[in-house]
Structures are given as structure tokens and as C-alpha cells.
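Structure data follow from entry-v1.csv (CSV, C-alpha atoms and all ligand atoms):
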chain,number,residue,atom,x,y,z
F,1,MET,CA,0.0,0.0,0.0
F,2,SER,CA,1.3,3.5,-0.8
F,3,LYS,CA,2.3,5.8,2.0
F,4,LEU,CA,-0.4,8.2,0.8
F,5,ALA,CA,-3.1,5.6,1.2
F,6,GLU,CA,-1.8,4.7,4.6
F,7,GLN,CA,-2.0,8.2,5.8
F,8,LEU,CA,-5.5,8.8,4.3
F,9,ASP,CA,-6.7,5.6,5.9
F,10,GLN,CA,-6.0,7.0,9.3
F,11,MET,CA,-8.7,9.6,8.7
F,12,THR,CA,-11.6,7.3,8.2
F,13,ARG,CA,-14.6,5.8,10.1
F,14,PRO,CA,-16.7,2.8,9.5
F,15,ALA,CA,-19.5,3.5,7.1
F,16,GLU,CA,-22.7,2.3,8.9
F,17,THR,CA,-25.5,3.2,6.5
F,18,LEU,CA,-24.3,3.2,2.9
F,19,VAL,CA,-23.1,-0.4,3.0
F,20,GLU,CA,-24.4,-3.9,2.5
F,21,LYS,CA,-22.6,-6.8,4.2
F,22,LEU,CA,-21.9,-9.8,2.0
F,23,PRO,CA,-20.7,-13.3,2.7
F,24,GLY,CA,-17.0,-13.9,3.2
F,25,GLY,CA,-16.3,-10.4,4.7
F,26,ALA,CA,-17.1,-8.6,1.4
F,27,VAL,CA,-19.1,-5.4,1.4
F,28,ARG,CA,-21.1,-3.6,-1.2
F,29,CYS,CA,-20.6,0.2,-1.0
F,30,LEU,CA,-23.9,2.1,-1.7
F,31,ALA,CA,-22.5,5.7,-1.6
F,32,CYS,CA,-22.3,6.1,-5.4
F,33,GLY,CA,-23.7,4.6,-8.6
F,34,HIS,CA,-20.7,2.3,-9.0
F,35,ARG,CA,-21.9,0.1,-6.1
F,36,CYS,CA,-18.5,-1.4,-5.7
F,37,LEU,CA,-18.3,-5.0,-4.4
F,38,ILE,CA,-15.2,-4.8,-2.2
F,39,LYS,CA,-13.5,-7.8,-0.7
F,40,PRO,CA,-11.4,-7.6,2.5
F,41,GLY,CA,-8.2,-5.6,2.0
F,42,ARG,CA,-9.4,-4.1,-1.3
F,43,ARG,CA,-10.5,-0.6,-2.3
F,44,GLY,CA,-13.5,0.8,-4.2
F,45,ILE,CA,-13.1,2.6,-7.6
F,46,CYS,CA,-12.7,5.9,-5.8
F,47,GLN,CA,-9.8,4.4,-3.8
F,48,VAL,CA,-10.7,6.3,-0.6
F,49,ARG,CA,-13.3,3.9,0.6
F,50,TYR,CA,-12.0,0.4,1.4
F,51,ASN,CA,-12.7,-2.9,3.2
F,52,GLU,CA,-10.8,-3.4,6.4
F,53,ASP,CA,-11.5,-6.9,7.8
F,54,GLY,CA,-15.1,-6.9,6.6
F,55,VAL,CA,-15.8,-3.2,7.6
F,56,LEU,CA,-16.2,-0.5,5.0
F,57,LYS,CA,-14.1,2.5,6.0
F,58,ALA,CA,-15.1,5.9,4.7
F,59,PRO,CA,-13.2,9.3,4.9
F,60,TRP,CA,-13.9,11.3,8.0
F,61,GLY,CA,-12.4,14.1,10.0
F,62,TYR,CA,-10.4,16.2,7.6
F,63,VAL,CA,-10.7,18.8,4.9
F,64,ALA,CA,-8.4,19.3,1.9
F,65,ALA,CA,-10.0,22.5,0.8
F,66,LEU,CA,-12.0,25.0,2.8
F,67,ASN,CA,-13.2,28.4,1.5
F,68,VAL,CA,-15.9,30.9,2.0
F,69,ASP,CA,-17.4,31.7,-1.5
F,70,PRO,CA,-20.4,33.4,-2.9
F,71,ILE,CA,-23.2,30.9,-3.5
F,72,GLU,CA,-23.2,32.0,-7.1
F,73,LYS,CA,-19.8,30.3,-7.6
F,74,LYS,CA,-21.1,26.8,-6.9
F,75,PRO,CA,-23.2,27.7,-9.0
F,76,PHE,CA,-26.6,28.1,-7.3
F,77,PHE,CA,-28.6,31.0,-8.7
F,78,HIS,CA,-31.9,30.3,-6.9
F,79,VAL,CA,-30.5,29.6,-3.4
F,80,LEU,CA,-30.1,32.7,-1.1
F,81,PRO,CA,-28.5,34.9,-3.8
F,82,GLY,CA,-25.6,37.1,-2.6
F,83,GLN,CA,-25.0,35.0,0.5
F,84,ASP,CA,-21.7,33.2,1.3
F,85,VAL,CA,-21.3,29.5,1.6
F,86,LEU,CA,-18.6,27.8,3.6
F,87,THR,CA,-17.4,25.1,1.2
F,88,PHE,CA,-15.4,22.1,2.2
F,89,GLY,CA,-13.8,19.3,0.2
F,90,MET,CA,-11.9,16.1,0.9
F,91,LEU,CA,-9.8,14.0,-1.5
F,92,GLY,CA,-10.8,11.5,-4.2
F,93,CYS,CA,-13.5,11.0,-6.8
F,94,ASP,CA,-15.5,8.2,-8.4
F,95,PHE,CA,-15.0,9.8,-11.9
F,96,HIS,CA,-11.8,10.7,-13.8
F,97,CYS,CA,-12.9,13.6,-16.1
F,98,GLY,CA,-10.1,14.6,-18.4
F,99,TYR,CA,-11.0,18.3,-17.9
F,100,CYS,CA,-11.3,18.3,-14.1
F,101,GLN,CA,-10.4,21.7,-12.7
F,102,ASN,CA,-9.9,20.2,-9.2
F,103,TRP,CA,-8.0,17.1,-10.4
F,104,PHE,CA,-5.2,17.7,-7.9
F,105,THR,CA,-7.5,16.8,-5.1
F,106,SER,CA,-10.1,14.7,-6.9
F,107,GLN,CA,-7.6,12.3,-8.4
F,108,THR,CA,-5.7,11.5,-5.2
F,109,LEU,CA,-4.7,7.8,-5.2
F,110,ARG,CA,-5.8,7.5,-8.8
F,111,ASP,CA,-3.2,9.7,-10.5
F,112,PRO,CA,0.4,9.8,-9.1
F,113,ALA,CA,0.7,13.4,-10.3
F,114,SER,CA,-1.7,14.4,-7.6
F,115,GLU,CA,0.2,12.7,-4.8
F,116,GLU,CA,1.2,15.9,-3.0
F,117,SER,CA,-2.5,16.6,-2.5
F,118,LEU,CA,-2.2,14.9,0.9
F,119,GLY,CA,-0.3,17.9,2.1
F,120,LEU,CA,-3.5,19.8,1.8
F,121,ALA,CA,-5.4,17.5,4.1
F,122,ARG,CA,-5.8,18.8,7.7
F,123,ARG,CA,-7.7,17.3,10.5
F,124,ALA,CA,-11.0,19.0,11.2
F,125,SER,CA,-14.2,18.3,13.2
F,126,PRO,CA,-17.8,19.1,12.3
F,127,GLU,CA,-17.8,21.5,15.2
F,128,GLN,CA,-14.8,23.4,13.8
F,129,LEU,CA,-16.4,23.7,10.4
F,130,VAL,CA,-19.7,25.0,11.7
F,131,ALA,CA,-17.9,27.5,14.0
F,132,ALA,CA,-15.9,28.7,11.0
F,133,ALA,CA,-19.1,29.1,8.9
F,134,LEU,CA,-20.7,31.1,11.7
F,135,ARG,CA,-17.6,33.3,12.2
F,136,SER,CA,-17.5,34.1,8.5
F,137,GLY,CA,-21.1,35.1,8.3
F,138,ALA,CA,-21.9,32.3,5.8
F,139,LYS,CA,-25.5,31.3,5.6
F,140,LEU,CA,-24.8,27.9,4.0
F,141,VAL,CA,-22.3,25.1,4.1
F,142,ALA,CA,-21.6,23.0,1.0
F,143,SER,CA,-19.6,19.8,0.3
F,144,SER,CA,-17.7,20.3,-3.0
F,145,TYR,CA,-14.3,20.3,-4.7
F,146,ASN,CA,-14.0,16.5,-4.7
F,147,GLU,CA,-17.1,14.3,-5.2
F,148,PRO,CA,-19.1,14.6,-2.0
F,149,LEU,CA,-21.1,11.4,-2.5
F,150,ILE,CA,-18.0,9.3,-1.7
F,151,THR,CA,-17.7,11.2,1.6
F,152,SER,CA,-21.4,11.4,2.4
F,153,GLU,CA,-21.0,10.2,6.0
F,154,TRP,CA,-18.6,13.1,6.8
F,155,ALA,CA,-20.9,15.6,5.0
F,156,VAL,CA,-24.0,14.4,7.0
F,157,ASP,CA,-22.1,14.8,10.3
F,158,VAL,CA,-21.2,18.3,9.3
F,159,PHE,CA,-24.7,19.1,8.0
F,160,ARG,CA,-26.4,17.8,11.1
F,161,LEU,CA,-24.6,20.4,13.3
F,162,ALA,CA,-24.9,23.1,10.6
F,163,ALA,CA,-28.7,22.7,10.6
F,164,GLN,CA,-28.8,23.1,14.3
F,165,ALA,CA,-26.9,26.3,13.9
F,166,GLY,CA,-29.5,27.6,11.4
F,167,LEU,CA,-27.4,27.0,8.2
F,168,GLN,CA,-28.6,25.6,5.0
F,169,CYS,CA,-26.7,22.7,3.4
F,170,ALA,CA,-25.8,21.9,-0.2
F,171,PHE,CA,-24.1,19.3,-2.3
F,172,VAL,CA,-22.1,20.1,-5.5
F,173,SER,CA,-22.0,16.7,-7.1
F,174,ASN,CA,-21.4,14.8,-10.3
F,175,GLY,CA,-24.8,13.1,-9.8
F,176,ASN,CA,-23.6,9.6,-9.7
F,177,ALA,CA,-25.8,8.9,-6.7
F,178,THR,CA,-27.8,5.9,-5.5
F,179,VAL,CA,-31.3,5.7,-4.2
F,180,GLU,CA,-29.8,4.8,-0.8
F,181,ALA,CA,-27.4,7.8,-0.8
F,182,LEU,CA,-30.1,10.3,-1.7
F,183,ASP,CA,-32.4,8.9,0.9
F,184,TYR,CA,-29.6,9.2,3.5
F,185,LEU,CA,-28.7,12.7,2.5
F,186,ARG,CA,-32.3,14.1,2.1
F,187,PRO,CA,-33.0,15.0,5.7
F,188,HIS,CA,-29.9,17.1,5.9
F,189,LEU,CA,-29.8,18.8,2.5
F,190,ALA,CA,-31.6,21.8,1.0
F,191,ALA,CA,-29.9,22.0,-2.4
F,192,TYR,CA,-28.2,19.7,-4.8
F,193,LYS,CA,-26.2,20.8,-7.9
F,194,VAL,CA,-25.8,18.1,-10.5
F,195,ASP,CA,-23.3,18.1,-13.4
F,196,LEU,CA,-25.0,16.7,-16.5
F,197,LYS,CA,-21.8,16.3,-18.5
F,198,THR,CA,-23.2,14.8,-21.7
F,199,MET,CA,-26.2,13.0,-23.0
F,200,GLN,CA,-24.1,10.3,-24.7
F,201,ASP,CA,-23.5,7.3,-22.5
F,202,LYS,CA,-20.3,6.4,-24.4
F,203,GLN,CA,-18.9,9.8,-23.5
F,204,TYR,CA,-20.0,9.4,-19.9
F,205,ARG,CA,-18.1,6.1,-19.8
F,206,LYS,CA,-14.9,8.0,-20.9
F,207,LEU,CA,-15.3,10.1,-17.7
F,208,GLY,CA,-15.9,7.1,-15.5
F,209,GLY,CA,-19.7,7.4,-15.3
F,210,VAL,CA,-23.0,6.1,-16.6
F,211,LEU,CA,-25.5,8.5,-18.1
F,212,GLN,CA,-28.6,6.8,-16.6
F,213,HIS,CA,-27.3,7.2,-13.1
F,214,VAL,CA,-27.1,10.9,-13.5
F,215,LEU,CA,-30.5,11.3,-15.1
F,216,ASP,CA,-31.9,9.2,-12.3
F,217,THR,CA,-30.3,11.4,-9.7
F,218,ILE,CA,-31.8,14.6,-11.2
F,219,GLN,CA,-35.2,13.0,-11.2
F,220,ARG,CA,-35.0,11.5,-7.7
F,221,ALA,CA,-33.4,14.6,-6.1
F,222,HIS,CA,-36.2,16.7,-7.5
F,223,ALA,CA,-38.9,14.2,-6.5
F,224,LEU,CA,-37.5,14.2,-2.9
F,225,GLY,CA,-38.0,17.9,-2.8
F,226,LEU,CA,-34.4,19.0,-2.9
F,227,TRP,CA,-33.7,22.3,-4.8
F,228,VAL,CA,-31.9,21.1,-7.9
F,229,GLU,CA,-29.8,23.1,-10.3
F,230,VAL,CA,-28.1,21.4,-13.3
F,231,VAL,CA,-24.8,22.4,-14.9
F,232,THR,CA,-23.4,21.4,-18.3
F,233,LEU,CA,-19.9,22.4,-19.1
F,234,LEU,CA,-19.9,22.8,-22.9
F,235,VAL,CA,-16.7,21.2,-24.3
F,236,PRO,CA,-16.4,21.8,-28.0
F,237,GLY,CA,-16.6,18.6,-30.0
F,238,PHE,CA,-17.3,16.5,-26.9
F,239,ASN,CA,-20.9,17.4,-25.9
F,240,ASP,CA,-22.0,20.5,-27.7
F,241,SER,CA,-23.8,19.3,-30.8
F,242,VAL,CA,-27.3,20.9,-31.3
F,243,GLU,CA,-28.9,17.5,-31.1
F,244,GLU,CA,-27.3,16.7,-27.8
F,245,LEU,CA,-28.1,20.1,-26.3
F,246,TRP,CA,-31.7,19.6,-27.3
F,247,GLU,CA,-31.7,16.2,-25.6
F,248,ALA,CA,-30.3,17.7,-22.4
F,249,ALA,CA,-32.7,20.6,-22.3
F,250,ARG,CA,-35.7,18.4,-23.1
F,251,PHE,CA,-34.8,16.0,-20.4
F,252,ILE,CA,-34.4,18.7,-17.7
F,253,ALA,CA,-37.7,20.3,-18.8
F,254,SER,CA,-39.4,16.9,-18.6
F,255,VAL,CA,-38.4,16.8,-14.9
F,256,SER,CA,-39.3,20.4,-14.3
F,257,ALA,CA,-39.2,23.6,-16.4
F,258,ASP,CA,-38.2,25.3,-13.1
F,259,ILE,CA,-34.9,23.6,-12.7
F,260,PRO,CA,-32.2,26.2,-13.6
F,261,TRP,CA,-29.8,25.0,-16.3
F,262,HIS,CA,-26.3,26.5,-16.3
F,263,VAL,CA,-24.4,26.1,-19.5
F,264,THR,CA,-20.8,27.0,-18.8
F,265,ALA,CA,-17.7,27.6,-20.8
F,266,PHE,CA,-14.9,25.1,-20.9
F,267,HIS,CA,-11.2,26.0,-20.9
F,268,PRO,CA,-8.5,23.4,-21.5
F,269,ASP,CA,-7.3,21.8,-18.2
F,270,TYR,CA,-5.6,18.7,-16.8
F,271,LYS,CA,-5.6,16.1,-19.6
F,272,MET,CA,-8.1,17.7,-21.9
F,273,THR,CA,-6.0,20.3,-23.7
F,274,GLY,CA,-7.2,19.6,-27.2
F,275,PRO,CA,-10.5,21.3,-27.6
F,276,ASP,CA,-10.7,25.1,-27.9
F,277,PRO,CA,-12.3,27.1,-25.1
F,278,THR,CA,-16.1,27.4,-25.5
F,279,PRO,CA,-16.9,30.5,-27.6
F,280,VAL,CA,-19.5,33.0,-26.4
F,281,LYS,CA,-21.8,32.1,-29.3
F,282,GLY,CA,-21.6,28.4,-28.2
F,283,LEU,CA,-23.0,29.4,-24.8
F,284,GLN,CA,-25.6,31.6,-26.4
F,285,GLN,CA,-26.8,28.9,-28.8
F,286,ALA,CA,-27.1,26.4,-25.9
F,287,ALA,CA,-29.0,28.9,-23.8
F,288,GLU,CA,-31.4,29.5,-26.7
F,289,ILE,CA,-32.0,25.8,-27.0
F,290,GLY,CA,-32.8,25.6,-23.3
F,291,GLN,CA,-35.2,28.4,-23.6
F,292,GLU,CA,-36.9,27.0,-26.7
F,293,ALA,CA,-37.2,23.6,-24.9
F,294,GLY,CA,-39.3,25.4,-22.3
F,295,LEU,CA,-36.9,25.9,-19.4
F,296,HIS,CA,-37.7,29.0,-17.4
F,297,TYR,CA,-34.2,29.7,-16.1
F,298,VAL,CA,-31.2,29.2,-18.3
F,299,TYR,CA,-27.9,30.8,-17.4
F,300,ALA,CA,-24.5,31.1,-19.2
F,301,GLY,CA,-21.5,30.8,-17.0
F,302,ASN,CA,-17.7,31.3,-17.0
F,303,LEU,CA,-17.7,34.2,-19.5
F,304,SER,CA,-19.0,36.9,-17.3
F,305,GLY,CA,-19.8,40.3,-18.9
F,306,ARG,CA,-19.9,38.7,-22.4
F,307,VAL,CA,-23.2,36.9,-22.4
F,308,GLY,CA,-25.7,39.8,-21.9
F,309,SER,CA,-28.7,39.1,-19.8
F,310,LEU,CA,-27.9,35.3,-19.5
F,311,GLU,CA,-26.4,35.9,-16.1
F,312,ASP,CA,-29.6,37.4,-14.8
F,313,THR,CA,-32.9,36.0,-13.5
F,314,HIS,CA,-36.1,37.1,-15.2
F,315,CYS,CA,-39.7,36.5,-14.3
F,316,PRO,CA,-40.9,33.8,-16.7
F,317,GLN,CA,-44.4,35.3,-16.6
F,318,CYS,CA,-43.9,39.0,-17.2
F,319,GLY,CA,-40.2,39.3,-18.1
F,320,THR,CA,-39.2,41.6,-15.2
F,321,ARG,CA,-35.5,41.3,-14.4
F,322,LEU,CA,-35.5,40.0,-10.8
F,323,VAL,CA,-31.8,39.4,-10.2
F,324,GLN,CA,-28.9,41.1,-12.0
F,325,ARG,CA,-25.5,39.5,-11.7
F,326,ARG,CA,-22.0,39.9,-13.1
F,327,GLY,CA,-20.0,36.9,-12.5
F,328,PHE,CA,-20.4,36.0,-8.8
F,329,THR,CA,-21.5,39.5,-7.9
F,330,LEU,CA,-25.1,40.5,-7.3
F,331,LEU,CA,-25.9,43.9,-8.8
F,332,ASP,CA,-29.6,44.0,-8.1
F,333,TYR,CA,-32.2,41.9,-6.3
F,334,GLN,CA,-36.0,42.4,-6.7
F,335,ILE,CA,-37.5,39.1,-5.5
F,336,THR,CA,-40.0,39.7,-2.7
F,337,ALA,CA,-39.7,38.3,0.8
F,338,GLN,CA,-42.5,35.9,-0.2
F,339,GLY,CA,-40.4,34.6,-3.2
F,340,THR,CA,-42.5,36.3,-5.8
F,341,CYS,CA,-42.0,38.7,-8.7
F,342,PRO,CA,-42.7,42.3,-7.4
F,343,LYS,CA,-44.5,43.2,-10.7
F,344,CYS,CA,-46.9,40.3,-11.5
F,345,ALA,CA,-46.7,38.3,-8.2
F,346,ALA,CA,-45.7,35.1,-10.0
F,347,ARG,CA,-44.0,32.6,-7.6
F,348,ILE,CA,-40.3,32.3,-8.4
F,349,PRO,CA,-39.0,28.8,-7.4
F,350,GLY,CA,-36.0,28.6,-5.2
F,351,ILE,CA,-34.8,29.2,-1.7
F,352,TRP,CA,-35.0,32.9,-1.0
F,353,ALA,CA,-34.2,35.1,2.0
F,354,GLY,CA,-37.4,35.8,3.9
F,401,LIG,S1,-18.1,5.6,-3.3
F,401,LIG,FE1,-18.5,4.7,-5.3
F,401,LIG,S2,-16.5,4.3,-6.1
F,401,LIG,FE2,-16.2,4.6,-3.9
F,401,LIG,S3,-16.3,2.6,-3.1
F,401,LIG,FE3,-18.3,3.4,-2.9
F,401,LIG,S4,-19.4,2.7,-4.8
F,401,LIG,FE4,-17.2,2.4,-5.1
As C-alpha cells, what does this structure read like?
Amino acid sequence: MSKLAEQLDQMTRPAETLVEKLPGGAVRCLACGHRCLIKPGRRGICQVRYNEDGVLKAPWGYVAALNVDPIEKKPFFHVLPGQDVLTFGMLGCDFHCGYCQNWFTSQTLRDPASEESLGLARRASPEQLVAAALRSGAKLVASSYNEPLITSEWAVDVFRLAAQAGLQCAFVSNGNATVEALDYLRPHLAAYKVDLKTMQDKQYRKLGGVLQHVLDTIQRAHALGLWVEVVTLLVPGFNDSVEELWEAARFIASVSADIPWHVTAFHPDYKMTGPDPTPVKGLQQAAEIGQEAGLHYVYAGNLSGRVGSLEDTHCPQCGTRLVQRRGFTLLDYQITAQGTCPKCAARIPGIWAG
């Protein structure tokens, strides 16, 4: 076993809920859609959950990244706009996206180039994180940076305390969830951001995922009453054909026309350095498709100041501009305390400040 794995294994706890015990000391991990069958002494696909003598061990008690960010950066546009969110991340992922911007922490134990990421891990307790959130004035806490599903137990322990302190809780996830993981998270979560990376299963497999798992997560999270926002990073030549964008938009609209869809611009990163950065017109075209498909809230991200009103929220009923943004900055906010449009009184879906 590598020294890195040995050190990470010291910061774990037995997973008690998201696990199924199998004969011969094997376990099935239920934290993500891979549902790894793990024999004693072996690791799951994510490498950070492992079987120790018939017990599934899961990461617990550290953070590798901790920042106070605007909620718009996650991105959530319909969750307490303008508020800060204490965002924490651990190490590891169940995917291996070639364009990952957080690859240094997400690919720990999977890519030797990210070995030094262990230096970022520092021990922490849920009490410390919640105290830090309160000190910073954040109104939310979020699990992000690496894939939060694979460290769900840690997130729930943080969220439980955060809720007691009056904070809202959010997941920023690749959507490779299971029914069991969503049911486990539901009592503790208010909002769930899902990356819908492509509508082609063969492309999803290149990233380490399965399309249907992500579609199921969007449907189930919405059905469970979580506030869901969907993000699609448009990678030229990978997932940005007109047909594919229509398919994505139609799917989201079929779940709910009120789910915000963020189409965001790619820039070359990590192993995906071939495609050009997404042009402004690519984002605009995708946004038009989303609107034509009936989605009420379509946003263009990562090219702030160049996409016109596609950073703003408009009332779908009367067209009034309700929230004006530039990048992660709120310039104007008109939604009423009741969560309605001040002009026509239409209800605007989301989680708003009372
Ligand atoms: S979190 Fe996913 S990848 Fe990791 S062990 Fe569990 S099922 Fe496997």
C-alpha cells in the first residue's frame, strides 16, 4: 500500500448506513452509482473507501480545501442569492474527467501526479467547520471540490450540526448517486447541484460514469423535494452538438421547467487540452435551445460580462429582471420576501431570504 493511502486511511470511520454486508467479509458500497463490491483488503473505484476486515471504511475528520465563497460560484442562482457559503472538500472521486479543474484533489490515489495533495489535508471536526461558517457570516455550508457522494457520512455529520446552527446545506456533485445515498442525505440537504456532463452514454463512460445514473439522480433529487440546479460544461466537439443540447434541455424540462440549467464555458485543463475554449456564441446557442425547450431559467457561466442578460434571472411570466449578476457579484435583487415577482406576483421557485 502506498504511504499516501496509509495516511489517508488514518482519517476514516466505519460506514454504517451506505453499505451492505456480504458473505465472506465482502461489502457492497452504496455511496455512489458504482456500487463497488469490495473484498477484505481491497478498495473501491474511488480508492478512498476500502474494506478493512469486513468493515467498509469511509473518509472522515479532515478537509483538503476550505473556502468561503459566494453561493453563485457553486453555481446556485436560486439559493439565497448574494450569500456566502462555507465550502469544504476532501480527497478523491469516483470519476476521472479529463478536464477536471480540481484534479489535484479529486484524483488522489488515482493519478500519481496528484500525490502531493495529501499535504492539503488537515484534520477538522464538524464543530470546527460549523464554527468557521458562523464566524465568516456564511448562511450555508456545502460539500464540493471532490465528489461529495463518496464522503457522504462526513458531510452528514457536518450538515447535522450546521442545521442546528441555522445554516442551509448543499451538495455540489457529479450526480452519480444511488437511491440509498439520496435517501440518506435528504433530511440534511436543501440544495443539490448536478453536473449533466453529456447525453451520450459512451462519452460518460470515458469520464468514468454512466448517463442513466445521473439522469436518475436529477429526477430523484427533484422528487425528494431538494432544490436542484443542473450544470453542463460545454466542451467543443465533446458534448456541444445541437442534437445533444436539445436532448439535455428536453430531459431537464421533462423533470421540471423550473430547474435552472447553467451552460458554462470550458477551458483546457488537466488532460483535456485539445478542444478550444467554448466561444460566447456556443453558450448563447445552448441557452437559446434551453429556452426553446421550455426551461424557465437558463444561465450562461464562466464568460462573465460577455453573455448579456444570460447571467440574470427574469420572471418567466412578465419578463421583469429579478436578479442582476455579473460573475459572482449581485448587482440588483428584486424578488420579494415571499419569493415572488414584485410586478406580477408570480411565484419564483428557489430558496430565498425571507
Ligand atoms: S463511493 Fe462509489 S466508487 Fe467509492 S467505493 Fe463506494 S461505490 Fe465504489
*Mind listing whatever residues come within 12 Å of the point (-13.5, 5.4, 11.5)? Use only C-alpha atoms, file coordinates, and give them as a VMD selection string.*
chain F and resid 8 to 16 49 to 52 55 to 62 153 to 154
*asked:* Taking (-34.9, 12.1, -6.3) in the coordinates of the supplied file, I want to know which residues reach to within 12 Å of it, counting only C-alpha atoms; could you give the answer as number ranges by chain?
replied: F: 175, 177-186, 191-192, 194, 213-228, 255
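Taking atom CA of Leu330 of chain F and atom CA of Thr198 of chain F as endpoints, the distance between them is 29.5 Å.
Across F:Asn174, F:Gln334, F:Gln101, F:Thr264, the tightest approach to His314 of chain F is made by F:Gln334 when counting all atoms listed in the file.
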_Counting only C-alpha atoms, which residue out of F:Asn176, F:Val48, F:Asp312, F:Pro279 sits closest to Thr329 of chain F?_
F:Asp312
*Hey, can you check how far atom CA of Val231 of chain F sits from atom CA of Ala138 of chain F?*
23.1 Å
*May I have the residues within 10 Å of ligand LIG 401 (chain F), computed using all atoms listed in the file, as number ranges by chain?*
F: 18-19, 27-38, 42-51, 56-58, 92-95, 147-152, 176-178, 181, 208
_Surrounding residues of segment 124-130 of chain F excluding itself and chain neighbours under 6 positions, 7 Å, only C-alpha atoms, as number ranges by chain_ = F: 61-63, 157-158, 161-162
